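Working notes for the structure below.
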Amino acid sequence: MDGKSLDLTAEKKAQLKKLFPDVFSEDQIDWERLRLSFGEDVFVKDEHYELSWAGKAEARKEIQKQTTATLLPDRANSVNFDDTGNIFIAGENLEVLRILQKSYFGKIKMIYIDPPYNTGSDSFVYPDDYTERKADYEQRAGITDEHGFLNKQDLWKKNTKENGQFHSVWLSMMYPRLYLARNLLREDGVMFVSIDDNEAANLKLLMDEIFGEENFVACICWQKKQSPQNDATYFSAMHDFVLAYTKMAKVNKNDNSGWQRNLFTRTEGQLSRYKNPDDDVRGLWCSVDCTSNKSAEQRPTLYYPIINPITQQEVWPPKQTVWRFEKSKFDKLIAENRIWWGESGKNFPRAKRFLNEVQEGIVPSTWWEREFAGDNQGARREIRNIFDQEGVDFDTPKPALLIKRMLQLATNTEESHLVLDFFAGSGTTAQAVLELNQEDGGNRRFLLVQLPEALDEQSEACKAGYKTIADICTARIKKVIAKLQAAQQDQLDFGGAKPDLGFKAYTLDYSNFKAWRGDVAGKDPLLAQLDLLREPLAEYRGTDAALLTELCLKSGFPLSADVRAFEIEGCKVYDIADGAMWIALERVTLTMFHHVAAAKPARFVTLGNLFTGEKADETMSNAKLQLAEAGVELKII
């Protein structure tokens with residue numbers, strides 16, 4: 001626990017070292033040895049197929065950056081903070097994704113994002129360096145807020161098509177976010193990304209590079225509008241795309257590894273196709289075509305006559321088609337009463353497909369009609385209804401039903417699947433998760449991230465008291481929870497587990513702990529810095545909650561980890577995840593360490609300034625010795 005986010009470069013080197021230990025020399029990669037490990041046919045020419053743009057090298061560097069930032073609990077904006085697994089984070093999403101790397105690496109089941117479409121009129125954050133402090137930045141730009149942070153609003157710029165690097169700016173913004181997001185996916189996880197024609201082609205190539213072409217699942221075409229736009233210049237755009245990629249694709253149909261998509265439940269209309277007009281004992285059935293589009297020249301063995309058992313006449317397939325079955329199989333189907341000749345017995349034959357013999361659901365298609373997945377117009381009504389008369393409105397929001405369809409494909413009701421959306425907007429993903437859990441008894445949890453982008457001061461939403469999009473997002477989640485709680489009260493209680501109707505709110509902020517400055521040189525400055533670090537806390541924020549959150553995150557524990565407070569010999573201790581880590585932040589004694597050594601938590605964390613008095617050094621040395629002998633990792637900050 002070094003106070004920083006996951007070092008992705010070190011992580012990759014460690015993984016490579018496990019596979020090819022022979023290509024390392026003094027912990028450095030010998031690239032020639034690595035090339036030879038793959039044989040002589042390795043592609044080494046300068047030119048090769050890839051998506052390239054101005055700024056790609058800098059975008060790659062963004063991936064490698066670490067952060068010391070943390071998340072501060074915001075109980076005032078939360079609901080049922082202590083008993084929920086749902087998370088909302090107000091903050092810049094790239095920095096938040098860096099923070100989440102240690103705690104959520106490989107733990108997210110589904111990711112959905114609706115990023116800026118780069119239409120030429122939308123705005124998004126660039127450049128991506130948010131790590132500077134006021135002292136370092138003011139000489140160059142001077143744009144900060146009262147806390148010394150970069151003022152994110154000054155980085156929200158309109159990327160117009162007149163910009164010479166119009167597409168490059170958007171790709172540089174997306175690249176590190178998609179890369180870090182992929183790290184968070186489980187091996188059986190899937191990511192959905194909404195996009196329109198402006199960047200669909202570039203996004204496909206970008207995700208092919210990050211996820212691998214073999215992990216592309218589908219490009220879903222979603223009907224976003226109810227009716228055409230008659231004043232369109234050329235064509236009225238009636239659809240958006242949703243690109244779907246897995247972390248690890250199935251090798252074949254029978255492969256049980258990687259992402260396993262669910263089937264959609266049959267609708268009443270689809271079920272109504274199954275009838276039983278001949279009272280077949282096998283139950284409901286529907287009829288399907290017995291012919292194939294192949295010609296007799298292509299499949300001569302499938303071109304033959306069959307005998308109608310009622311009329312005893314020969315029946316041939318229509319010209320330029322053949323039967324779907326070999327003759328022996330067709331004869332068997334007729335004998336088993338699996339061929340339907342119509343109520344008169346004289347119609348052209350069709351095969352019976354019994355409901356109890358087909359899959360329990362419908363295989364998803366890549367065309368999602370508005371009746372099936374909602375549309376923008378319905379989504380706007382949805383937001384207006386939630387906020388009633390407050391004037392909150394978005395131009396092209398996504399309907400909750402669209403995201404519910406993705407959740408139905410990607411998650412199930414048996415597990416506590418975690419769903420991430422780091423372009424949360426108005427909070428549609430949270431609504432979809434909460435409502436679907438209520439509908440099917442699931443236990444899905446959401447993790448939303450939204451930048452507190454300032455609203456137009458003249459907007460109705462701002463006049464209603466909402467200052468940022470993050471404010472709208474949290475308000476929407478609260479209103480949806482209140483509605484579902486009211487509905488829950490009207491239902492009969494059979495004693496079963498109730499859906500999680502709450503969320504923990506957090507805000508992005510700088511670390512609670514002082515960081516060693518590597519750029520300091522010279523005897524006096526170094527001594528001054530050592531003296532400064534006698535007190536580890538940069539700023540005490542009033543409660544232990546902020547420190548606990550940061551210590552848990554930087555130790556690899558999720559924000560939903562169980563935290564239990566208790567006392568040992570008058571010293572308050574926090575137990576994280578049932579003995580995985582103990583933390584003391586207020587007081588330590590040598591007697592307390594005897595109990596810690598006996599209890600044997602995996603790790604014990606405390607502050608260096610808690611060792612006080614004349615025997616402070618002796619107490620610290622004894623504590624280290626006791627815990628080392630007990631096999632407990634001790635971390636003193």
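Chain lettering (A, B, ...) mirrors the order of the structure tokens, residue numbering begins at 1 for each chain separately, and ligand numbering begins at 1 in order of display.
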* To do: Give me the residues within 9 Å of Asp289 in chain A as an NGL selection string, counting only C-alpha atoms and dropping any in the same chain fewer than 3 places off.
  => :A and (292 or 324 or 349-351)
For those residues, write N, CA and C atoms to a file as a compact mmCIF listing (two decimals), in the first residue's frame.
# COMPACT_ATOMS: atom_id res chain seq x y z
N SER A 292 -35.84 -24.94 -48.03
CA SER A 292 -34.59 -24.19 -47.91
C SER A 292 -34.38 -23.39 -49.18
N ARG A 324 -35.76 -29.04 -46.34
CA ARG A 324 -34.75 -28.82 -45.29
C ARG A 324 -34.17 -30.13 -44.77
N PRO A 349 -47.03 -28.75 -46.84
CA PRO A 349 -46.58 -29.20 -45.51
C PRO A 349 -45.72 -28.17 -44.78
N ARG A 350 -45.90 -28.11 -43.47
CA ARG A 350 -45.06 -27.30 -42.58
C ARG A 350 -44.72 -28.14 -41.35
N ALA A 351 -43.53 -27.91 -40.80
CA ALA A 351 -43.09 -28.71 -39.65
C ALA A 351 -43.62 -28.12 -38.35
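From CA of Trp341 in chain A back to CA of Trp285 in chain A, the distance works out to 13.8 Å.
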* Asked: Which residue, A:Asn118, A:Asn262, A:Gln28, A:Thr507, has the smallest gap to Met173 in chain A when you use only C-alpha atoms?
  -> A:Asn118
Mind checking which residues fall within 10 Å of Arg60 in chain A, counting only C-alpha atoms, ignoring those fewer than 2 positions away in the same chain, and posting them as a PDB file with C-alpha atoms, in the first residue's frame?
ATOM      1  CA  GLY A  55      -1.969  12.331 -29.779  1.00  0.00           C
ATOM      2  CA  LYS A  56      -2.236   8.547 -29.496  1.00  0.00           C
ATOM      3  CA  ALA A  57       1.169   8.275 -27.793  1.00  0.00           C
ATOM      4  CA  GLU A  58       0.079  10.801 -25.158  1.00  0.00           C
ATOM      5  CA  GLU A  62      -2.441   8.535 -19.611  1.00  0.00           C
ATOM      6  CA  ILE A  63      -3.055   4.826 -19.016  1.00  0.00           C
ATOM      7  CA  GLN A  64       0.230   4.425 -17.128  1.00  0.00           C
ATOM      8  CA  LYS A  65      -0.297   7.376 -14.780  1.00  0.00           C
ATOM      9  CA  SER A 172      -7.563  10.576 -27.058  1.00  0.00           C
ATOM     10  CA  TYR A 175      -8.732   5.584 -25.253  1.00  0.00           C
ATOM     11  CA  PRO A 176      -7.464   5.596 -21.641  1.00  0.00           C
ATOM     12  CA  TYR A 179      -8.548   0.681 -21.466  1.00  0.00           C
TER      13      TYR A 179
END
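For the residues A:Arg476, A:Lys329, A:Arg381, A:His167, ranking by smallest atom-to-atom distance to Leu51 in chain A using only C-alpha atoms places A:His167 first.
Going from CA of Gly283 in chain A to CA of Thr413 in chain A covers 29.3 Å.
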* Check range 335-561 of chain A with DSSP on the backbone and list each residue it calls strand (DSSP E or B), as number ranges by chain. => A: 339-340, 350-354, 362, 367-368, 418-421, 445-450, 454, 468, 503-509, 513, 537
* **Polymer residues at most 10 Å from Gly212 in chain A, only C-alpha atoms, same-chain spacing of 6 or more positions, as number ranges by chain** => A: 205-206, 245-249
What does the file look like for those residues with N, CA and C atoms, as a PDB file, in the first residue's frame?
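The result, stored in part.pdb:
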ATOM      1  N   LEU A 205     -12.985   0.409 -34.305  1.00  0.00           N
ATOM      2  CA  LEU A 205     -11.556   0.130 -34.441  1.00  0.00           C
ATOM      3  C   LEU A 205     -10.827   0.296 -33.112  1.00  0.00           C
ATOM      4  N   LEU A 206     -11.229   1.305 -32.337  1.00  0.00           N
ATOM      5  CA  LEU A 206     -10.592   1.558 -31.044  1.00  0.00           C
ATOM      6  C   LEU A 206     -10.835   0.393 -30.086  1.00  0.00           C
ATOM      7  N   TYR A 245     -18.740  -5.714 -26.415  1.00  0.00           N
ATOM      8  CA  TYR A 245     -17.467  -6.442 -26.384  1.00  0.00           C
ATOM      9  C   TYR A 245     -17.354  -7.218 -25.072  1.00  0.00           C
ATOM     10  N   THR A 246     -16.787  -8.406 -25.151  1.00  0.00           N
ATOM     11  CA  THR A 246     -16.555  -9.191 -23.950  1.00  0.00           C
ATOM     12  C   THR A 246     -15.108  -9.055 -23.508  1.00  0.00           C
ATOM     13  N   LYS A 247     -14.852  -9.395 -22.259  1.00  0.00           N
ATOM     14  CA  LYS A 247     -13.472  -9.477 -21.765  1.00  0.00           C
ATOM     15  C   LYS A 247     -12.801 -10.704 -22.372  1.00  0.00           C
ATOM     16  N   MET A 248     -13.573 -11.806 -22.462  1.00  0.00           N
ATOM     17  CA  MET A 248     -13.040 -13.043 -23.034  1.00  0.00           C
ATOM     18  C   MET A 248     -14.180 -13.750 -23.760  1.00  0.00           C
ATOM     19  N   ALA A 249     -14.081 -13.869 -25.087  1.00  0.00           N
ATOM     20  CA  ALA A 249     -15.144 -14.442 -25.895  1.00  0.00           C
ATOM     21  C   ALA A 249     -15.133 -15.966 -25.819  1.00  0.00           C
TER      22      ALA A 249
END
* **Of the listed residues A:Val315, A:Ser52, A:Trp582, A:Cys219, that which approaches Asn202 in chain A most closely, counting only C-alpha atoms** => A:Ser52
* Pick from A:Thr428, A:Gln491, A:Asn347, A:Thr311 nearest to Ala475 in chain A, counting only C-alpha atoms ->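 Smallest distance to Ala475 in chain A is found for A:Thr428.
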* To do: Report the distance between CA of Gly345 in chain A and CA of Gln359 in chain A in Å, rounded to one decimal place.
  => 29.0 Å
* Would you please work out which residue, of A:Lys224, A:Phe557, A:Ile29, A:Gln450, is nearest to Leu401 in chain A when using only C-alpha atoms? => A:Lys224
List the spatial neighbours of Asn159 in chain A as a tab-separated table (two decimals) with all heavy atoms, in the first residue's frame - criterion: any atom at most 7 Å away, only C-alpha atoms, same-chain residues fewer than 4 positions off excluded.
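Contents of around23.tsv, as written:
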chain	number	residue	atom	x	y	z
A	120	GLY	N	-19.88	17.65	-32.79
A	120	GLY	CA	-19.44	18.98	-33.17
A	120	GLY	C	-20.06	20.06	-32.31
A	120	GLY	O	-19.66	21.21	-32.36
A	121	SER	N	-21.05	19.68	-31.51
A	121	SER	CA	-21.69	20.65	-30.63
A	121	SER	C	-21.62	20.24	-29.16
A	121	SER	O	-21.95	21.02	-28.28
A	121	SER	CB	-23.16	20.84	-31.03
A	121	SER	OG	-23.86	19.61	-30.93
A	122	ASP	N	-21.19	18.97	-28.89
A	122	ASP	CA	-21.09	18.55	-27.50
A	122	ASP	C	-19.71	18.89	-26.94
A	122	ASP	O	-18.79	19.22	-27.68
A	122	ASP	CB	-21.36	17.05	-27.34
A	122	ASP	CG	-20.56	16.19	-28.32
A	122	ASP	OD1	-19.74	16.75	-29.07
A	122	ASP	OD2	-20.75	14.97	-28.32
A	123	SER	N	-19.59	18.81	-25.63
A	123	SER	CA	-18.34	19.17	-24.96
A	123	SER	C	-17.87	18.00	-24.12
A	123	SER	O	-18.66	17.21	-23.64
A	123	SER	CB	-18.56	20.38	-24.04
A	123	SER	OG	-19.08	21.47	-24.77
A	163	ASN	N	-12.13	22.11	-35.78
A	163	ASN	CA	-10.88	21.75	-35.13
A	163	ASN	C	-10.11	20.79	-36.05
A	163	ASN	O	-10.63	19.78	-36.50
A	163	ASN	CB	-11.20	21.06	-33.79
A	163	ASN	CG	-9.95	20.63	-33.04
A	163	ASN	OD1	-8.83	20.77	-33.52
A	163	ASN	ND2	-10.16	20.10	-31.85
A	166	PHE	N	-10.24	17.09	-34.88
A	166	PHE	CA	-11.59	16.83	-34.37
A	166	PHE	C	-11.74	15.40	-33.86
A	166	PHE	O	-12.17	15.17	-32.73
A	166	PHE	CB	-12.60	17.12	-35.49
A	166	PHE	CG	-14.03	16.83	-35.13
A	166	PHE	CD1	-14.69	17.60	-34.19
A	166	PHE	CD2	-14.71	15.78	-35.73
A	166	PHE	CE1	-16.02	17.33	-33.87
A	166	PHE	CE2	-16.02	15.51	-35.42
A	166	PHE	CZ	-16.68	16.29	-34.48
Residue neighbourhood Gln438 in chain A, 10 Å, only C-alpha atoms, exclusion window fewer than 2 positions, as a CSV table (one decimal) with N, CA and C atoms, in the first residue's frame:
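Wrote selection24.csv, looks like this:
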chain,number,residue,atom,x,y,z
A,432,ALA,N,-32.4,1.8,-14.0
A,432,ALA,CA,-32.6,0.5,-14.6
A,432,ALA,C,-32.3,-0.7,-13.7
A,433,VAL,N,-31.2,-0.5,-13.0
A,433,VAL,CA,-30.8,-1.6,-12.0
A,433,VAL,C,-31.8,-1.7,-10.9
A,434,LEU,N,-32.2,-0.6,-10.3
A,434,LEU,CA,-33.1,-0.6,-9.2
A,434,LEU,C,-34.5,-1.2,-9.6
A,435,GLU,N,-35.0,-0.8,-10.7
A,435,GLU,CA,-36.3,-1.2,-11.1
A,435,GLU,C,-36.3,-2.7,-11.6
A,436,LEU,N,-35.2,-3.1,-12.3
A,436,LEU,CA,-35.2,-4.5,-12.7
A,436,LEU,C,-35.0,-5.5,-11.5
A,440,ASP,N,-37.7,-8.5,-11.0
A,440,ASP,CA,-37.3,-10.0,-11.1
A,440,ASP,C,-36.7,-10.5,-9.8
A,441,GLY,N,-36.6,-9.7,-8.7
A,441,GLY,CA,-36.0,-10.2,-7.5
A,441,GLY,C,-34.5,-10.3,-7.5
A,442,GLY,N,-33.8,-9.6,-8.5
A,442,GLY,CA,-32.4,-9.7,-8.6
A,442,GLY,C,-31.7,-8.9,-7.5
A,443,ASN,N,-30.3,-9.1,-7.4
A,443,ASN,CA,-29.5,-8.4,-6.4
A,443,ASN,C,-28.4,-7.7,-7.1
A,484,LEU,N,-39.9,3.4,-5.4
A,484,LEU,CA,-39.9,1.9,-5.2
A,484,LEU,C,-40.2,1.5,-3.8
A,485,GLN,N,-39.7,2.3,-2.8
A,485,GLN,CA,-40.0,2.1,-1.4
A,485,GLN,C,-41.5,2.2,-1.2
A,487,ALA,N,-43.9,1.7,-3.3
A,487,ALA,CA,-44.6,0.5,-4.0
A,487,ALA,C,-44.3,-0.7,-3.1
A,488,GLN,N,-43.2,-0.8,-2.5
A,488,GLN,CA,-42.8,-2.0,-1.7
A,488,GLN,C,-43.7,-2.0,-0.4
A,498,LYS,N,-35.3,-8.3,0.6
A,498,LYS,CA,-35.8,-7.2,-0.2
A,498,LYS,C,-34.7,-6.6,-1.0
A,499,PRO,N,-35.1,-6.0,-2.2
A,499,PRO,CA,-34.0,-5.4,-3.0
A,499,PRO,C,-33.3,-4.3,-2.3
A,500,ASP,N,-32.1,-4.1,-2.7
A,500,ASP,CA,-31.2,-3.0,-2.1
A,500,ASP,C,-31.7,-1.7,-2.6
A,501,LEU,N,-32.4,-0.9,-1.8
A,501,LEU,CA,-32.9,0.4,-2.1
A,501,LEU,C,-32.1,1.5,-1.4
Would you pick out the contacts of range 541-551 of chain A at 12 Å or less, using only C-alpha atoms, so that residues sharing its chain but fewer than 6 positions from it are not included, and give the list as a compact mmCIF listing (two decimals) with N, CA, C and O atoms, in the first residue's frame?
# COMPACT_ATOMS: atom_id res chain seq x y z
N MET A 1 0.86 -1.19 0.00
CA MET A 1 0.00 0.00 0.00
C MET A 1 0.89 1.23 0.00
O MET A 1 1.38 1.65 1.04
N ASP A 2 1.12 1.80 -1.20
CA ASP A 2 2.03 2.94 -1.32
C ASP A 2 1.29 4.27 -1.44
O ASP A 2 1.91 5.30 -1.69
N GLY A 3 -0.03 4.24 -1.26
CA GLY A 3 -0.80 5.48 -1.35
C GLY A 3 -1.17 5.86 -2.76
O GLY A 3 -1.81 6.88 -2.97
N LYS A 4 -0.78 5.06 -3.73
CA LYS A 4 -1.07 5.36 -5.13
C LYS A 4 -2.00 4.32 -5.72
O LYS A 4 -2.17 3.24 -5.18
N SER A 5 -2.58 4.67 -6.85
CA SER A 5 -3.42 3.71 -7.56
C SER A 5 -2.54 2.62 -8.18
O SER A 5 -1.31 2.69 -8.14
N THR A 68 -2.74 9.66 -6.45
CA THR A 68 -2.84 9.54 -4.99
C THR A 68 -4.20 10.02 -4.51
O THR A 68 -4.44 10.08 -3.31
N ALA A 69 -5.08 10.37 -5.44
CA ALA A 69 -6.41 10.89 -5.08
C ALA A 69 -7.23 9.84 -4.34
O ALA A 69 -6.93 8.64 -4.36
N THR A 70 -8.29 10.28 -3.71
CA THR A 70 -9.15 9.38 -2.95
C THR A 70 -10.61 9.77 -3.15
O THR A 70 -10.92 10.71 -3.90
N LEU A 71 -11.49 9.06 -2.48
CA LEU A 71 -12.92 9.36 -2.51
C LEU A 71 -13.38 9.69 -1.11
O LEU A 71 -13.04 8.98 -0.15
N LEU A 72 -14.14 10.76 -0.98
CA LEU A 72 -14.66 11.16 0.33
C LEU A 72 -16.12 10.75 0.46
O LEU A 72 -16.94 11.04 -0.43
N PRO A 73 -16.49 10.06 1.55
CA PRO A 73 -17.90 9.68 1.75
C PRO A 73 -18.77 10.93 1.88
O PRO A 73 -18.39 11.91 2.51
N ASP A 74 -19.93 10.88 1.26
CA ASP A 74 -20.88 11.99 1.30
C ASP A 74 -22.21 11.45 1.83
O ASP A 74 -23.12 11.15 1.08
N ARG A 75 -22.31 11.30 3.13
CA ARG A 75 -23.50 10.71 3.74
C ARG A 75 -24.75 11.54 3.51
O ARG A 75 -25.85 11.00 3.39
N PHE A 81 -26.72 4.47 3.77
CA PHE A 81 -25.29 4.38 3.50
C PHE A 81 -24.66 3.09 4.05
O PHE A 81 -23.84 2.45 3.38
N ASP A 82 -25.03 2.70 5.26
CA ASP A 82 -24.37 1.58 5.92
C ASP A 82 -24.84 0.21 5.45
O ASP A 82 -24.22 -0.80 5.76
N ILE A 99 -8.45 5.30 -9.56
CA ILE A 99 -8.63 4.98 -8.14
C ILE A 99 -9.23 3.58 -7.97
O ILE A 99 -8.86 2.83 -7.06
N LEU A 100 -10.14 3.21 -8.86
CA LEU A 100 -10.86 1.94 -8.73
C LEU A 100 -10.05 0.72 -9.15
O LEU A 100 -10.49 -0.42 -8.92
N LYS A 102 -7.30 -0.86 -8.12
CA LYS A 102 -6.92 -1.85 -7.12
C LYS A 102 -8.13 -2.59 -6.54
O LYS A 102 -8.11 -3.81 -6.37
N SER A 103 -9.17 -1.86 -6.24
CA SER A 103 -10.31 -2.44 -5.53
C SER A 103 -11.29 -3.19 -6.43
O SER A 103 -11.99 -4.09 -5.96
N LYS A 504 -24.42 4.59 -1.63
CA LYS A 504 -23.39 5.38 -0.97
C LYS A 504 -22.89 6.43 -1.95
O LYS A 504 -22.52 6.10 -3.08
N ALA A 505 -22.87 7.69 -1.55
CA ALA A 505 -22.35 8.76 -2.39
C ALA A 505 -20.93 9.12 -1.96
O ALA A 505 -20.61 9.14 -0.76
N TYR A 506 -20.07 9.39 -2.95
CA TYR A 506 -18.69 9.79 -2.70
C TYR A 506 -18.33 10.94 -3.64
O TYR A 506 -18.95 11.11 -4.69
N THR A 507 -17.32 11.69 -3.24
CA THR A 507 -16.79 12.74 -4.12
C THR A 507 -15.29 12.53 -4.29
O THR A 507 -14.59 12.10 -3.36
N LEU A 508 -14.79 12.83 -5.47
CA LEU A 508 -13.37 12.75 -5.76
C LEU A 508 -12.63 13.88 -5.05
O LEU A 508 -13.07 15.02 -5.08
N ASP A 509 -11.52 13.55 -4.40
CA ASP A 509 -10.75 14.59 -3.71
C ASP A 509 -9.29 14.14 -3.59
O ASP A 509 -8.96 12.99 -3.90
N TYR A 510 -8.44 15.05 -3.12
CA TYR A 510 -7.05 14.72 -2.91
C TYR A 510 -6.88 13.85 -1.68
O TYR A 510 -7.75 13.79 -0.81
N SER A 511 -5.74 13.20 -1.60
CA SER A 511 -5.45 12.26 -0.52
C SER A 511 -5.50 12.94 0.85
O SER A 511 -5.19 14.12 1.00
N ASN A 512 -5.90 12.16 1.86
CA ASN A 512 -5.87 12.63 3.24
C ASN A 512 -4.45 12.65 3.79
O ASN A 512 -4.20 13.21 4.84
N PHE A 513 -3.52 12.00 3.08
CA PHE A 513 -2.16 11.84 3.58
C PHE A 513 -1.17 12.65 2.76
O PHE A 513 -1.33 12.80 1.55
N PHE A 557 -9.63 -3.00 -1.19
CA PHE A 557 -10.98 -3.38 -0.76
C PHE A 557 -12.03 -2.52 -1.47
O PHE A 557 -11.83 -1.32 -1.64
N PRO A 558 -13.15 -3.11 -1.87
CA PRO A 558 -14.19 -2.32 -2.53
C PRO A 558 -14.90 -1.40 -1.55
O PRO A 558 -14.80 -1.57 -0.32
N LEU A 559 -15.62 -0.44 -2.08
CA LEU A 559 -16.34 0.52 -1.24
C LEU A 559 -17.47 -0.13 -0.46
O LEU A 559 -17.97 0.45 0.50
N SER A 560 -17.86 -1.32 -0.87
CA SER A 560 -18.94 -2.02 -0.17
C SER A 560 -18.42 -2.99 0.88
O SER A 560 -19.18 -3.74 1.48
N ALA A 561 -17.10 -2.99 1.14
CA ALA A 561 -16.52 -3.91 2.12
C ALA A 561 -17.12 -3.68 3.51
O ALA A 561 -17.38 -2.54 3.90
N ASP A 562 -17.33 -4.76 4.25
CA ASP A 562 -17.88 -4.65 5.61
C ASP A 562 -16.86 -4.01 6.54
O ASP A 562 -15.68 -4.40 6.56
N VAL A 563 -17.31 -3.03 7.33
CA VAL A 563 -16.45 -2.35 8.30
C VAL A 563 -17.12 -2.44 9.66
O VAL A 563 -18.28 -2.05 9.83
N ARG A 564 -16.40 -2.97 10.64
CA ARG A 564 -16.95 -3.13 11.99
C ARG A 564 -16.01 -2.47 12.99
O ARG A 564 -14.80 -2.73 12.99
N ALA A 565 -16.54 -1.61 13.85
CA ALA A 565 -15.73 -0.92 14.85
C ALA A 565 -15.85 -1.62 16.21
O ALA A 565 -16.94 -2.06 16.59
N LYS A 572 -9.74 2.21 19.82
CA LYS A 572 -10.74 1.93 18.80
C LYS A 572 -10.07 1.32 17.57
O LYS A 572 -9.09 1.84 17.06
N VAL A 573 -10.64 0.19 17.11
CA VAL A 573 -10.09 -0.53 15.97
C VAL A 573 -11.21 -0.82 14.98
O VAL A 573 -12.35 -1.10 15.37
N TYR A 574 -10.88 -0.73 13.71
CA TYR A 574 -11.84 -1.06 12.65
C TYR A 574 -11.43 -2.38 11.99
O TYR A 574 -10.29 -2.55 11.57
N ASP A 575 -12.38 -3.29 11.92
CA ASP A 575 -12.16 -4.58 11.27
C ASP A 575 -12.74 -4.50 9.85
O ASP A 575 -13.93 -4.25 9.66
N ILE A 576 -11.89 -4.71 8.86
CA ILE A 576 -12.30 -4.64 7.46
C ILE A 576 -12.43 -6.05 6.89
O ILE A 576 -11.48 -6.83 6.96
N MET A 581 -8.23 -6.96 7.30
CA MET A 581 -7.39 -5.82 7.69
C MET A 581 -7.99 -5.16 8.93
O MET A 581 -9.21 -5.00 9.01
N TRP A 582 -7.14 -4.81 9.87
CA TRP A 582 -7.55 -4.00 11.02
C TRP A 582 -6.87 -2.65 10.91
O TRP A 582 -5.72 -2.54 10.46
N ILE A 583 -7.60 -1.59 11.35
CA ILE A 583 -7.07 -0.23 11.28
C ILE A 583 -7.29 0.48 12.61
O ILE A 583 -8.39 0.42 13.18
N ALA A 584 -6.24 1.14 13.11
CA ALA A 584 -6.35 1.98 14.31
C ALA A 584 -5.93 3.40 13.92
O ALA A 584 -4.84 3.59 13.38
N LEU A 585 -6.79 4.38 14.21
CA LEU A 585 -6.54 5.75 13.77
C LEU A 585 -6.48 6.76 14.92
O LEU A 585 -6.14 7.93 14.69
N GLU A 586 -6.81 6.33 16.15
CA GLU A 586 -6.91 7.30 17.24
C GLU A 586 -5.88 7.07 18.35
O GLU A 586 -5.34 8.02 18.91
N ARG A 603 -3.65 -8.05 8.05
CA ARG A 603 -2.87 -6.81 8.01
C ARG A 603 -3.35 -5.88 9.11
O ARG A 603 -4.54 -5.84 9.43
N PHE A 604 -2.42 -5.11 9.67
CA PHE A 604 -2.77 -4.09 10.65
C PHE A 604 -2.18 -2.77 10.19
O PHE A 604 -0.97 -2.69 9.90
N VAL A 605 -3.02 -1.74 10.13
CA VAL A 605 -2.61 -0.42 9.64
C VAL A 605 -2.86 0.62 10.72
O VAL A 605 -3.93 0.64 11.35
N THR A 606 -1.88 1.48 10.92
CA THR A 606 -2.06 2.57 11.88
C THR A 606 -1.19 3.75 11.46
O THR A 606 -0.44 3.69 10.48
N LEU A 607 -1.30 4.85 12.23
CA LEU A 607 -0.56 6.08 11.93
C LEU A 607 0.69 6.17 12.79
O LEU A 607 0.66 5.87 14.00
N LYS A 635 1.53 -2.10 8.70
CA LYS A 635 1.76 -0.93 7.86
C LYS A 635 1.60 0.31 8.72
O LYS A 635 0.52 0.57 9.26
N ILE A 636 2.69 1.07 8.89
CA ILE A 636 2.65 2.31 9.66
C ILE A 636 2.78 3.49 8.70
O ILE A 636 3.73 3.57 7.94
N ILE A 637 1.82 4.39 8.75
CA ILE A 637 1.79 5.53 7.83
C ILE A 637 2.27 6.78 8.55
O ILE A 637 1.78 7.10 9.62
* Could you pull out all residues of range 271-402 of chain A with a DSSP call of alpha helix (DSSP H) and give them as a list in words? -> Leu271, Lys327, Ser328, Lys329, Phe330, Asp331, Lys332, Leu333, Ile334, Ala335, Arg370, Glu371, Phe372, Ala373, Asn376, Gln377, Gly378, Ala379, Arg380, Arg381, Glu382, Ile383, Arg384, Asn385, Ile386, Phe387, Ala400, Leu401 and Leu402 of chain A
* Find, counting only C-alpha atoms, the residue in A:Val79, A:Ile307, A:Ala486, A:Ile472 that gets nearest to Gly391 in chain A. =>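 Among the listed residues, the smallest separation from Gly391 in chain A belongs to A:Ile472.
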